[in-house]
$ cat structure-v4.pdb   # PDB, N, CA and C atoms
ATOM      1  N   MET A   1      43.752  18.166  -8.521
ATOM      2  CA  MET A   1      42.910  17.699  -7.441
ATOM      3  C   MET A   1      41.659  17.034  -7.998
ATOM      4  N   LEU A   2      41.379  15.875  -7.514
ATOM      5  CA  LEU A   2      40.172  15.171  -7.908
ATOM      6  C   LEU A   2      39.159  15.238  -6.785
ATOM      7  N   PHE A   3      37.966  15.559  -7.184
ATOM      8  CA  PHE A   3      36.881  15.599  -6.214
ATOM      9  C   PHE A   3      35.905  14.489  -6.546
ATOM     10  N   SER A   4      35.481  13.796  -5.575
ATOM     11  CA  SER A   4      34.444  12.791  -5.789
ATOM     12  C   SER A   4      33.195  13.229  -5.027
ATOM     13  N   ARG A   5      32.054  12.989  -5.646
ATOM     14  CA  ARG A   5      30.792  13.409  -5.032
ATOM     15  C   ARG A   5      30.246  12.269  -4.190
ATOM     16  N   PHE A   6      29.648  12.620  -3.099
ATOM     17  CA  PHE A   6      29.021  11.644  -2.219
ATOM     18  C   PHE A   6      27.520  11.712  -2.467
ATOM     19  N   PHE A   7      26.947  10.654  -3.017
ATOM     20  CA  PHE A   7      25.522  10.618  -3.321
ATOM     21  C   PHE A   7      24.780   9.782  -2.284
ATOM     22  N   SER A   8      23.698  10.326  -1.801
ATOM     23  CA  SER A   8      22.820   9.588  -0.897
ATOM     24  C   SER A   8      21.394  10.078  -1.139
ATOM     25  N   SER A   9      20.453   9.424  -0.515
ATOM     26  CA  SER A   9      19.066   9.832  -0.687
ATOM     27  C   SER A   9      18.803  11.193  -0.047
ATOM     28  N   LYS A  10      19.569  11.526   0.983
ATOM     29  CA  LYS A  10      19.371  12.812   1.655
ATOM     30  C   LYS A  10      19.857  13.960   0.789
ATOM     31  N   SER A  11      20.992  13.792   0.162
ATOM     32  CA  SER A  11      21.506  14.881  -0.665
ATOM     33  C   SER A  11      20.684  15.031  -1.935
ATOM     34  N   ALA A  12      20.104  13.956  -2.424
ATOM     35  CA  ALA A  12      19.280  14.042  -3.624
ATOM     36  C   ALA A  12      17.994  14.801  -3.344
ATOM     37  N   ALA A  13      17.484  14.721  -2.137
ATOM     38  CA  ALA A  13      16.252  15.420  -1.804
ATOM     39  C   ALA A  13      16.498  16.893  -1.533
ATOM     40  N   ILE A  14      17.692  17.253  -1.100
ATOM     41  CA  ILE A  14      17.968  18.634  -0.726
ATOM     42  C   ILE A  14      18.520  19.441  -1.895
ATOM     43  N   THR A  15      19.396  18.853  -2.689
ATOM     44  CA  THR A  15      20.041  19.599  -3.762
ATOM     45  C   THR A  15      19.329  19.368  -5.081
ATOM     46  N   LYS A  16      19.913  19.913  -6.151
ATOM     47  CA  LYS A  16      19.312  19.745  -7.470
ATOM     48  C   LYS A  16      19.613  18.356  -8.022
ATOM     49  N   ILE A  17      18.940  18.003  -9.093
ATOM     50  CA  ILE A  17      19.154  16.716  -9.741
ATOM     51  C   ILE A  17      20.409  16.833 -10.605
ATOM     52  N   HIS A  18      21.390  15.966 -10.406
ATOM     53  CA  HIS A  18      22.653  16.021 -11.139
ATOM     54  C   HIS A  18      22.596  15.054 -12.315
ATOM     55  N   ARG A  19      22.140  15.570 -13.467
ATOM     56  CA  ARG A  19      22.043  14.747 -14.672
ATOM     57  C   ARG A  19      22.507  15.568 -15.856
ATOM     58  N   ASN A  20      22.964  14.876 -16.878
ATOM     59  CA  ASN A  20      23.349  15.576 -18.093
ATOM     60  C   ASN A  20      22.131  15.998 -18.902
ATOM     61  N   VAL A  21      21.109  15.138 -18.962
ATOM     62  CA  VAL A  21      19.878  15.443 -19.671
ATOM     63  C   VAL A  21      18.774  15.573 -18.630
ATOM     64  N   TYR A  22      18.095  16.727 -18.628
ATOM     65  CA  TYR A  22      17.048  16.966 -17.655
ATOM     66  C   TYR A  22      15.691  16.734 -18.300
ATOM     67  N   PRO A  23      14.957  15.712 -17.875
ATOM     68  CA  PRO A  23      13.615  15.515 -18.434
ATOM     69  C   PRO A  23      12.661  16.577 -17.894
ATOM     70  N   GLN A  24      11.571  16.794 -18.617
ATOM     71  CA  GLN A  24      10.581  17.785 -18.193
ATOM     72  C   GLN A  24       9.817  17.262 -16.979
ATOM     73  N   HIS A  25       9.848  18.009 -15.909
ATOM     74  CA  HIS A  25       9.107  17.653 -14.698
ATOM     75  C   HIS A  25       8.134  18.770 -14.375
ATOM     76  N   TYR A  26       7.001  18.391 -13.822
ATOM     77  CA  TYR A  26       5.964  19.338 -13.440
ATOM     78  C   TYR A  26       5.765  19.260 -11.940
ATOM     79  N   LEU A  27       5.596  20.415 -11.312
ATOM     80  CA  LEU A  27       5.332  20.426  -9.874
ATOM     81  C   LEU A  27       3.904  19.954  -9.638
ATOM     82  N   THR A  28       3.762  18.961  -8.786
ATOM     83  CA  THR A  28       2.467  18.342  -8.516
ATOM     84  C   THR A  28       2.280  18.249  -7.015
ATOM     85  N   LYS A  29       1.086  18.563  -6.563
ATOM     86  CA  LYS A  29       0.777  18.484  -5.140
ATOM     87  C   LYS A  29       0.144  17.131  -4.845
ATOM     88  N   VAL A  30       0.708  16.408  -3.866
ATOM     89  CA  VAL A  30       0.179  15.106  -3.447
ATOM     90  C   VAL A  30      -0.573  15.312  -2.137
ATOM     91  N   ILE A  31      -1.828  14.876  -2.118
ATOM     92  CA  ILE A  31      -2.655  15.014  -0.916
ATOM     93  C   ILE A  31      -2.858  13.633  -0.325
ATOM     94  N   GLN A  32      -2.444  13.479   0.923
ATOM     95  CA  GLN A  32      -2.564  12.198   1.612
ATOM     96  C   GLN A  32      -3.960  12.053   2.201
ATOM     97  N   PRO A  33      -4.364  10.829   2.567
ATOM     98  CA  PRO A  33      -5.725  10.614   3.087
ATOM     99  C   PRO A  33      -6.033  11.404   4.361
ATOM    100  N   ASP A  34      -5.016  11.731   5.162
ATOM    101  CA  ASP A  34      -5.285  12.500   6.378
ATOM    102  C   ASP A  34      -5.402  13.995   6.117
ATOM    103  N   GLY A  35      -5.219  14.435   4.869
ATOM    104  CA  GLY A  35      -5.376  15.844   4.515
ATOM    105  C   GLY A  35      -4.069  16.589   4.365
ATOM    106  N   SER A  36      -2.961  16.015   4.800
ATOM    107  CA  SER A  36      -1.674  16.690   4.640
ATOM    108  C   SER A  36      -1.236  16.610   3.184
ATOM    109  N   SER A  37      -0.394  17.556   2.767
ATOM    110  CA  SER A  37       0.026  17.593   1.374
ATOM    111  C   SER A  37       1.490  17.974   1.274
ATOM    112  N   PHE A  38       2.094  17.601   0.147
ATOM    113  CA  PHE A  38       3.467  17.977  -0.156
ATOM    114  C   PHE A  38       3.615  18.056  -1.674
ATOM    115  N   THR A  39       4.676  18.693  -2.123
ATOM    116  CA  THR A  39       4.890  18.914  -3.545
ATOM    117  C   THR A  39       5.995  17.993  -4.046
ATOM    118  N   ILE A  40       5.768  17.391  -5.223
ATOM    119  CA  ILE A  40       6.751  16.507  -5.839
ATOM    120  C   ILE A  40       6.956  16.935  -7.291
ATOM    121  N   ARG A  41       7.985  16.382  -7.932
ATOM    122  CA  ARG A  41       8.178  16.534  -9.369
ATOM    123  C   ARG A  41       7.595  15.291 -10.037
ATOM    124  N   PHE A  42       6.721  15.526 -11.041
ATOM    125  CA  PHE A  42       6.014  14.415 -11.687
ATOM    126  C   PHE A  42       6.180  14.548 -13.189
ATOM    127  N   ASN A  43       6.211  13.416 -13.909
ATOM    128  CA  ASN A  43       6.444  13.439 -15.351
ATOM    129  C   ASN A  43       5.254  13.971 -16.137
ATOM    130  N   ASP A  44       4.037  13.720 -15.690
ATOM    131  CA  ASP A  44       2.832  14.167 -16.387
ATOM    132  C   ASP A  44       2.361  15.487 -15.806
ATOM    133  N   PRO A  45       1.800  16.363 -16.630
ATOM    134  CA  PRO A  45       1.320  17.655 -16.109
ATOM    135  C   PRO A  45      -0.002  17.503 -15.361
ATOM    136  N   ARG A  46       0.089  17.263 -14.080
ATOM    137  CA  ARG A  46      -1.092  17.156 -13.223
ATOM    138  C   ARG A  46      -0.962  18.178 -12.116
ATOM    139  N   MET A  47      -2.084  18.692 -11.659
ATOM    140  CA  MET A  47      -2.067  19.672 -10.579
ATOM    141  C   MET A  47      -2.066  18.968  -9.217
ATOM    142  N   ILE A  48      -2.963  17.992  -9.068
ATOM    143  CA  ILE A  48      -3.161  17.351  -7.761
ATOM    144  C   ILE A  48      -3.240  15.842  -7.957
ATOM    145  N   ILE A  49      -2.587  15.101  -7.051
ATOM    146  CA  ILE A  49      -2.748  13.651  -6.969
ATOM    147  C   ILE A  49      -3.270  13.373  -5.567
ATOM    148  N   LYS A  50      -4.451  12.770  -5.493
ATOM    149  CA  LYS A  50      -5.062  12.482  -4.198
ATOM    150  C   LYS A  50      -4.920  10.989  -3.932
ATOM    151  N   LEU A  51      -4.253  10.646  -2.853
ATOM    152  CA  LEU A  51      -4.039   9.242  -2.507
ATOM    153  C   LEU A  51      -5.323   8.664  -1.926
ATOM    154  N   PRO A  52      -5.630   7.389  -2.200
ATOM    155  CA  PRO A  52      -6.894   6.811  -1.733
ATOM    156  C   PRO A  52      -6.892   6.568  -0.226
ATOM    157  N   LEU A  53      -8.091   6.568   0.315
ATOM    158  CA  LEU A  53      -8.294   6.344   1.743
ATOM    159  C   LEU A  53      -8.446   4.855   1.993
ATOM    160  N   ASP A  54      -7.807   4.349   3.052
ATOM    161  CA  ASP A  54      -7.936   2.939   3.418
ATOM    162  C   ASP A  54      -9.260   2.763   4.149
ATOM    163  N   MET A  55     -10.181   2.053   3.515
ATOM    164  CA  MET A  55     -11.528   1.914   4.067
ATOM    165  C   MET A  55     -11.568   1.015   5.304
ATOM    166  N   ASP A  56     -10.522   0.222   5.523
ATOM    167  CA  ASP A  56     -10.507  -0.661   6.693
ATOM    168  C   ASP A  56     -10.182   0.096   7.977
ATOM    169  N   LEU A  57      -9.587   1.272   7.862
ATOM    170  CA  LEU A  57      -9.151   1.999   9.046
ATOM    171  C   LEU A  57     -10.165   3.005   9.564
ATOM    172  N   ILE A  58     -11.233   3.273   8.821
ATOM    173  CA  ILE A  58     -12.202   4.271   9.273
ATOM    174  C   ILE A  58     -13.393   3.584   9.942
ATOM    175  N   SER A  59     -14.212   4.375  10.622
ATOM    176  CA  SER A  59     -15.354   3.820  11.364
ATOM    177  C   SER A  59     -16.454   3.400  10.388
ATOM    178  N   ASP A  60     -17.415   2.617  10.911
ATOM    179  CA  ASP A  60     -18.507   2.127  10.077
ATOM    180  C   ASP A  60     -19.382   3.274   9.568
ATOM    181  N   GLU A  61     -19.640   4.262  10.419
ATOM    182  CA  GLU A  61     -20.473   5.396  10.018
ATOM    183  C   GLU A  61     -19.805   6.181   8.895
ATOM    184  N   GLU A  62     -18.515   6.420   9.043
ATOM    185  CA  GLU A  62     -17.766   7.151   8.020
ATOM    186  C   GLU A  62     -17.714   6.357   6.711
ATOM    187  N   ARG A  63     -17.565   5.043   6.817
ATOM    188  CA  ARG A  63     -17.534   4.193   5.625
ATOM    189  C   ARG A  63     -18.870   4.242   4.889
ATOM    190  N   LYS A  64     -19.986   4.168   5.630
ATOM    191  CA  LYS A  64     -21.310   4.227   5.008
ATOM    192  C   LYS A  64     -21.542   5.576   4.335
ATOM    193  N   ARG A  65     -21.107   6.651   5.003
ATOM    194  CA  ARG A  65     -21.282   7.994   4.440
ATOM    195  C   ARG A  65     -20.493   8.159   3.144
ATOM    196  N   ARG A  66     -19.276   7.654   3.119
ATOM    197  CA  ARG A  66     -18.442   7.760   1.919
ATOM    198  C   ARG A  66     -18.958   6.879   0.788
ATOM    199  N   MET A  67     -19.469   5.690   1.118
ATOM    200  CA  MET A  67     -20.016   4.816   0.085
ATOM    201  C   MET A  67     -21.288   5.404  -0.522
ATOM    202  N   GLU A  68     -22.114   6.070   0.292
ATOM    203  CA  GLU A  68     -23.306   6.740  -0.231
ATOM    204  C   GLU A  68     -22.916   7.900  -1.142
ATOM    205  N   ALA A  69     -21.841   8.602  -0.812
ATOM    206  CA  ALA A  69     -21.404   9.721  -1.639
ATOM    207  C   ALA A  69     -20.844   9.244  -2.980
ATOM    208  N   ARG A  70     -20.345   8.017  -3.055
ATOM    209  CA  ARG A  70     -19.805   7.470  -4.302
ATOM    210  C   ARG A  70     -20.889   7.038  -5.279
ATOM    211  N   LYS A  71     -22.067   6.677  -4.758
ATOM    212  CA  LYS A  71     -23.142   6.198  -5.620
ATOM    213  C   LYS A  71     -23.659   7.351  -6.485
ATOM    214  N   PRO A  72     -24.061   7.048  -7.715
ATOM    215  CA  PRO A  72     -24.607   8.122  -8.563
ATOM    216  C   PRO A  72     -25.950   8.592  -8.034
ATOM    217  N   LYS A  73     -26.149   9.892  -8.106
ATOM    218  CA  LYS A  73     -27.388  10.469  -7.612
ATOM    219  C   LYS A  73     -28.481  10.272  -8.662
ATOM    220  N   GLN A  74     -29.665   9.907  -8.199
ATOM    221  CA  GLN A  74     -30.784   9.706  -9.107
ATOM    222  C   GLN A  74     -31.471  11.045  -9.340
ATOM    223  N   LYS A  75     -31.831  11.277 -10.584
ATOM    224  CA  LYS A  75     -32.523  12.515 -10.921
ATOM    225  C   LYS A  75     -33.992  12.387 -10.551
ATOM    226  N   VAL A  76     -34.515  13.420  -9.945
ATOM    227  CA  VAL A  76     -35.912  13.442  -9.536
ATOM    228  C   VAL A  76     -36.702  14.101 -10.655
ATOM    229  N   LYS A  77     -37.715  13.393 -11.143
ATOM    230  CA  LYS A  77     -38.560  13.943 -12.189
ATOM    231  C   LYS A  77     -39.765  14.603 -11.549
ATOM    232  N   ILE A  78     -39.946  15.861 -11.839
ATOM    233  CA  ILE A  78     -41.071  16.620 -11.292
ATOM    234  C   ILE A  78     -42.090  16.798 -12.409
ATOM    235  N   ILE A  79     -43.258  16.282 -12.184
ATOM    236  CA  ILE A  79     -44.339  16.415 -13.154
ATOM    237  C   ILE A  79     -45.332  17.417 -12.577
ATOM    238  N   GLU A  80     -45.472  18.535 -13.280
ATOM    239  CA  GLU A  80     -46.361  19.581 -12.805
ATOM    240  C   GLU A  80     -47.506  19.743 -13.796
ATOM    241  N   GLU A  81     -48.660  19.746 -13.289
ATOM    242  CA  GLU A  81     -49.832  19.999 -14.129
ATOM    243  C   GLU A  81     -50.359  21.371 -13.764
ATOM    244  N   LEU A  82     -50.391  22.221 -14.754
ATOM    245  CA  LEU A  82     -50.880  23.570 -14.534
ATOM    246  C   LEU A  82     -52.348  23.661 -14.946
ATOM    247  N   ASP A  83     -53.128  24.275 -14.091
ATOM    248  CA  ASP A  83     -54.518  24.531 -14.441
ATOM    249  C   ASP A  83     -54.551  25.876 -15.154
ATOM    250  N   ASP A  84     -54.648  25.810 -16.455
ATOM    251  CA  ASP A  84     -54.612  27.022 -17.253
ATOM    252  C   ASP A  84     -56.033  27.503 -17.492
ATOM    253  N   SER A  85     -56.356  28.602 -16.883
ATOM    254  CA  SER A  85     -57.693  29.178 -17.065
ATOM    255  C   SER A  85     -57.604  30.498 -17.830
ATOM    256  N   PHE A  86     -56.563  30.671 -18.596
ATOM    257  CA  PHE A  86     -56.348  31.894 -19.347
ATOM    258  C   PHE A  86     -57.200  31.866 -20.610
ATOM    259  N   ASP A  87     -57.933  32.944 -20.819
ATOM    260  CA  ASP A  87     -58.761  33.065 -22.017
ATOM    261  C   ASP A  87     -58.243  34.240 -22.824
ATOM    262  N   ARG A  88     -57.693  33.961 -23.980
ATOM    263  CA  ARG A  88     -57.056  35.022 -24.756
ATOM    264  C   ARG A  88     -58.068  35.860 -25.526
ATOM    265  N   THR A  89     -59.242  35.393 -25.633
ATOM    266  CA  THR A  89     -60.251  36.185 -26.351
ATOM    267  C   THR A  89     -60.633  37.438 -25.572
ATOM    268  N   LYS A  90     -60.409  37.454 -24.281
ATOM    269  CA  LYS A  90     -60.695  38.643 -23.471
ATOM    270  C   LYS A  90     -59.787  39.808 -23.856
ATOM    271  N   TYR A  91     -58.581  39.507 -24.305
ATOM    272  CA  TYR A  91     -57.579  40.530 -24.545
ATOM    273  C   TYR A  91     -57.428  40.889 -26.018
ATOM    274  N   LEU A  92     -58.270  40.368 -26.878
ATOM    275  CA  LEU A  92     -58.187  40.680 -28.297
ATOM    276  C   LEU A  92     -58.480  42.143 -28.585
ATOM    277  N   LYS A  93     -59.253  42.775 -27.732
ATOM    278  CA  LYS A  93     -59.613  44.180 -27.978
ATOM    279  C   LYS A  93     -58.405  45.117 -27.794
ATOM    280  N   TYR A  94     -57.350  44.652 -27.136
ATOM    281  CA  TYR A  94     -56.176  45.497 -26.927
ATOM    282  C   TYR A  94     -55.160  45.424 -28.074
ATOM    283  N   PHE A  95     -55.301  44.477 -28.961
ATOM    284  CA  PHE A  95     -54.382  44.334 -30.086
ATOM    285  C   PHE A  95     -54.938  45.067 -31.301
ATOM    286  N   LYS A  96     -54.047  45.791 -31.974
ATOM    287  CA  LYS A  96     -54.445  46.485 -33.189
ATOM    288  C   LYS A  96     -54.318  45.547 -34.375
ATOM    289  N   LYS A  97     -55.223  45.697 -35.309
ATOM    290  CA  LYS A  97     -55.170  44.850 -36.491
ATOM    291  C   LYS A  97     -54.527  45.557 -37.632
TER     292      LYS A  97
END

$ encode --input "structure-v4.pdb" --output "structure tokens"
Amino acid sequence: MLFSRFFSSKSAAITKIHRNVYPQHYLTKVIQPDGSSFTIRFNDPRMIIKLPLDMDLISDEERKRRMEARKPKQKVKIIEELDDSFDRTKYLKYFKK
């Protein structure tokens, strides 16, 4: 008896991969722009792949907020001047020589 296999995209997604040589695959989570996620087999060892958001489909306010978040934050330099009125000669009597 000869059996022939029926291959389709549906059976490939449901069953195992039918190959003689199995390459190394890593389970990777793909996160879509709407927040939904699914797991795929990927050749490189990555934990998460985040798909980019289409900037043409979001509102102007959301676009401005996201563009501001992408810009590098500037460091604030704080210059403090301390008025030091400490006189150490007052406390010399407490130190032993």

$ atom_distance --input "structure-v4.pdb" --atom1 "atom CA of Pro45 of chain A" --atom2 "atom CA of Gln24 of chain A"
9.5 Å

$ atom_distance --input "structure-v4.pdb" --atom1 "atom N of Glu68 of chain A" --atom2 "atom CA of Pro52 of chain A"
15.4 Å

$ resolve_selection --input "structure-v4.pdb" --expression "the PyMOL selection byres (((chain A and resi 44 and name CA) around 8) and name CA)" --output "MDAnalysis selection string"
chainID A and resid 25:26 42:43 45:46

$ residues_around --input "structure-v4.pdb" --residues "Lys50 of chain A" --least-positions-apart "6" --cutoff "7 Å" --atoms "all atoms listed in the file" --output "number ranges by chain"
A: 29-33

$ write_last_selection --input "structure-v4.pdb" --atoms "N, CA and C atoms" --output "mmCIF file, in the frame of the given file"
data_model
loop_
_atom_site.group_PDB
_atom_site.id
_atom_site.type_symbol
_atom_site.label_atom_id
_atom_site.label_comp_id
_atom_site.auth_asym_id
_atom_site.auth_seq_id
_atom_site.Cartn_x
_atom_site.Cartn_y
_atom_site.Cartn_z
ATOM 1 N N LYS A 29 1.086 18.563 -6.563
ATOM 2 C CA LYS A 29 0.777 18.484 -5.140
ATOM 3 C C LYS A 29 0.144 17.131 -4.845
ATOM 4 N N VAL A 30 0.708 16.408 -3.866
ATOM 5 C CA VAL A 30 0.179 15.106 -3.447
ATOM 6 C C VAL A 30 -0.573 15.312 -2.137
ATOM 7 N N ILE A 31 -1.828 14.876 -2.118
ATOM 8 C CA ILE A 31 -2.655 15.014 -0.916
ATOM 9 C C ILE A 31 -2.858 13.633 -0.325
ATOM 10 N N GLN A 32 -2.444 13.479 0.923
ATOM 11 C CA GLN A 32 -2.564 12.198 1.612
ATOM 12 C C GLN A 32 -3.960 12.053 2.201
ATOM 13 N N PRO A 33 -4.364 10.829 2.567
ATOM 14 C CA PRO A 33 -5.725 10.614 3.087
ATOM 15 C C PRO A 33 -6.033 11.404 4.361
#

$ atom_distance --input "structure-v4.pdb" --atom1 "atom CA of Met47 of chain A" --atom2 "atom C of Thr28 of chain A"
5.8 Å

$ select_by_dssp --input "structure-v4.pdb" --residues "chain A" --states "alpha helix (DSSP H)" --output "PyMOL selection string"
chain A and resi 9-14+60-70

$ closest_residue --input "structure-v4.pdb" --among "A:Leu53, A:Leu82, A:Lys64, A:Lys71" --to "Asp34 of chain A" --atoms "only N, CA and C atoms"
A:Leu53

$ axis_aligned_box --input "structure-v4.pdb" --around "segment 78-97 of chain A" --padding-each-side "8 Å" --output "lines of an AutoDock Vina configuration file"
center_x = -50.3
center_y = 31.2
center_z = -24.5
size_x = 36.7
size_y = 46.6
size_z = 42.3

$ build_atoms --input "structure-v4.pdb" --residues "segment 69-90 of chain A" --atoms "N, CA, C and O atoms" --output "short mmCIF file (atom, residue, chain, number, x, y, z; two decimals), in the frame of the given file"
data_model
loop_
_atom_site.label_atom_id
_atom_site.label_comp_id
_atom_site.auth_asym_id
_atom_site.auth_seq_id
_atom_site.Cartn_x
_atom_site.Cartn_y
_atom_site.Cartn_z
N ALA A 69 -21.84 8.60 -0.81
CA ALA A 69 -21.40 9.72 -1.64
C ALA A 69 -20.84 9.24 -2.98
O ALA A 69 -20.88 9.98 -3.97
N ARG A 70 -20.34 8.02 -3.06
CA ARG A 70 -19.80 7.47 -4.30
C ARG A 70 -20.89 7.04 -5.28
O ARG A 70 -20.67 7.00 -6.48
N LYS A 71 -22.07 6.68 -4.76
CA LYS A 71 -23.14 6.20 -5.62
C LYS A 71 -23.66 7.35 -6.48
O LYS A 71 -23.70 8.49 -6.05
N PRO A 72 -24.06 7.05 -7.72
CA PRO A 72 -24.61 8.12 -8.56
C PRO A 72 -25.95 8.59 -8.03
O PRO A 72 -26.76 7.80 -7.57
N LYS A 73 -26.15 9.89 -8.11
CA LYS A 73 -27.39 10.47 -7.61
C LYS A 73 -28.48 10.27 -8.66
O LYS A 73 -28.26 10.45 -9.85
N GLN A 74 -29.66 9.91 -8.20
CA GLN A 74 -30.78 9.71 -9.11
C GLN A 74 -31.47 11.04 -9.34
O GLN A 74 -31.66 11.83 -8.41
N LYS A 75 -31.83 11.28 -10.58
CA LYS A 75 -32.52 12.52 -10.92
C LYS A 75 -33.99 12.39 -10.55
O LYS A 75 -34.63 11.37 -10.83
N VAL A 76 -34.52 13.42 -9.94
CA VAL A 76 -35.91 13.44 -9.54
C VAL A 76 -36.70 14.10 -10.66
O VAL A 76 -36.41 15.21 -11.09
N LYS A 77 -37.72 13.39 -11.14
CA LYS A 77 -38.56 13.94 -12.19
C LYS A 77 -39.76 14.60 -11.55
O LYS A 77 -40.51 13.98 -10.79
N ILE A 78 -39.95 15.86 -11.84
CA ILE A 78 -41.07 16.62 -11.29
C ILE A 78 -42.09 16.80 -12.41
O ILE A 78 -41.79 17.39 -13.46
N ILE A 79 -43.26 16.28 -12.18
CA ILE A 79 -44.34 16.42 -13.15
C ILE A 79 -45.33 17.42 -12.58
O ILE A 79 -45.93 17.18 -11.52
N GLU A 80 -45.47 18.54 -13.28
CA GLU A 80 -46.36 19.58 -12.80
C GLU A 80 -47.51 19.74 -13.80
O GLU A 80 -47.29 19.87 -14.99
N GLU A 81 -48.66 19.75 -13.29
CA GLU A 81 -49.83 20.00 -14.13
C GLU A 81 -50.36 21.37 -13.76
O GLU A 81 -50.71 21.64 -12.62
N LEU A 82 -50.39 22.22 -14.75
CA LEU A 82 -50.88 23.57 -14.53
C LEU A 82 -52.35 23.66 -14.95
O LEU A 82 -52.74 23.20 -16.02
N ASP A 83 -53.13 24.28 -14.09
CA ASP A 83 -54.52 24.53 -14.44
C ASP A 83 -54.55 25.88 -15.15
O ASP A 83 -54.44 26.93 -14.52
N ASP A 84 -54.65 25.81 -16.45
CA ASP A 84 -54.61 27.02 -17.25
C ASP A 84 -56.03 27.50 -17.49
O ASP A 84 -56.81 26.89 -18.22
N SER A 85 -56.36 28.60 -16.88
CA SER A 85 -57.69 29.18 -17.07
C SER A 85 -57.60 30.50 -17.83
O SER A 85 -58.48 31.34 -17.72
N PHE A 86 -56.56 30.67 -18.60
CA PHE A 86 -56.35 31.89 -19.35
C PHE A 86 -57.20 31.87 -20.61
O PHE A 86 -57.18 30.89 -21.37
N ASP A 87 -57.93 32.94 -20.82
CA ASP A 87 -58.76 33.06 -22.02
C ASP A 87 -58.24 34.24 -22.82
O ASP A 87 -58.36 35.39 -22.41
N ARG A 88 -57.69 33.96 -23.98
CA ARG A 88 -57.06 35.02 -24.76
C ARG A 88 -58.07 35.86 -25.53
O ARG A 88 -57.75 36.94 -25.99
N THR A 89 -59.24 35.39 -25.63
CA THR A 89 -60.25 36.18 -26.35
C THR A 89 -60.63 37.44 -25.57
O THR A 89 -61.13 38.39 -26.16
N LYS A 90 -60.41 37.45 -24.28
CA LYS A 90 -60.70 38.64 -23.47
C LYS A 90 -59.79 39.81 -23.86
O LYS A 90 -60.17 40.96 -23.75
#
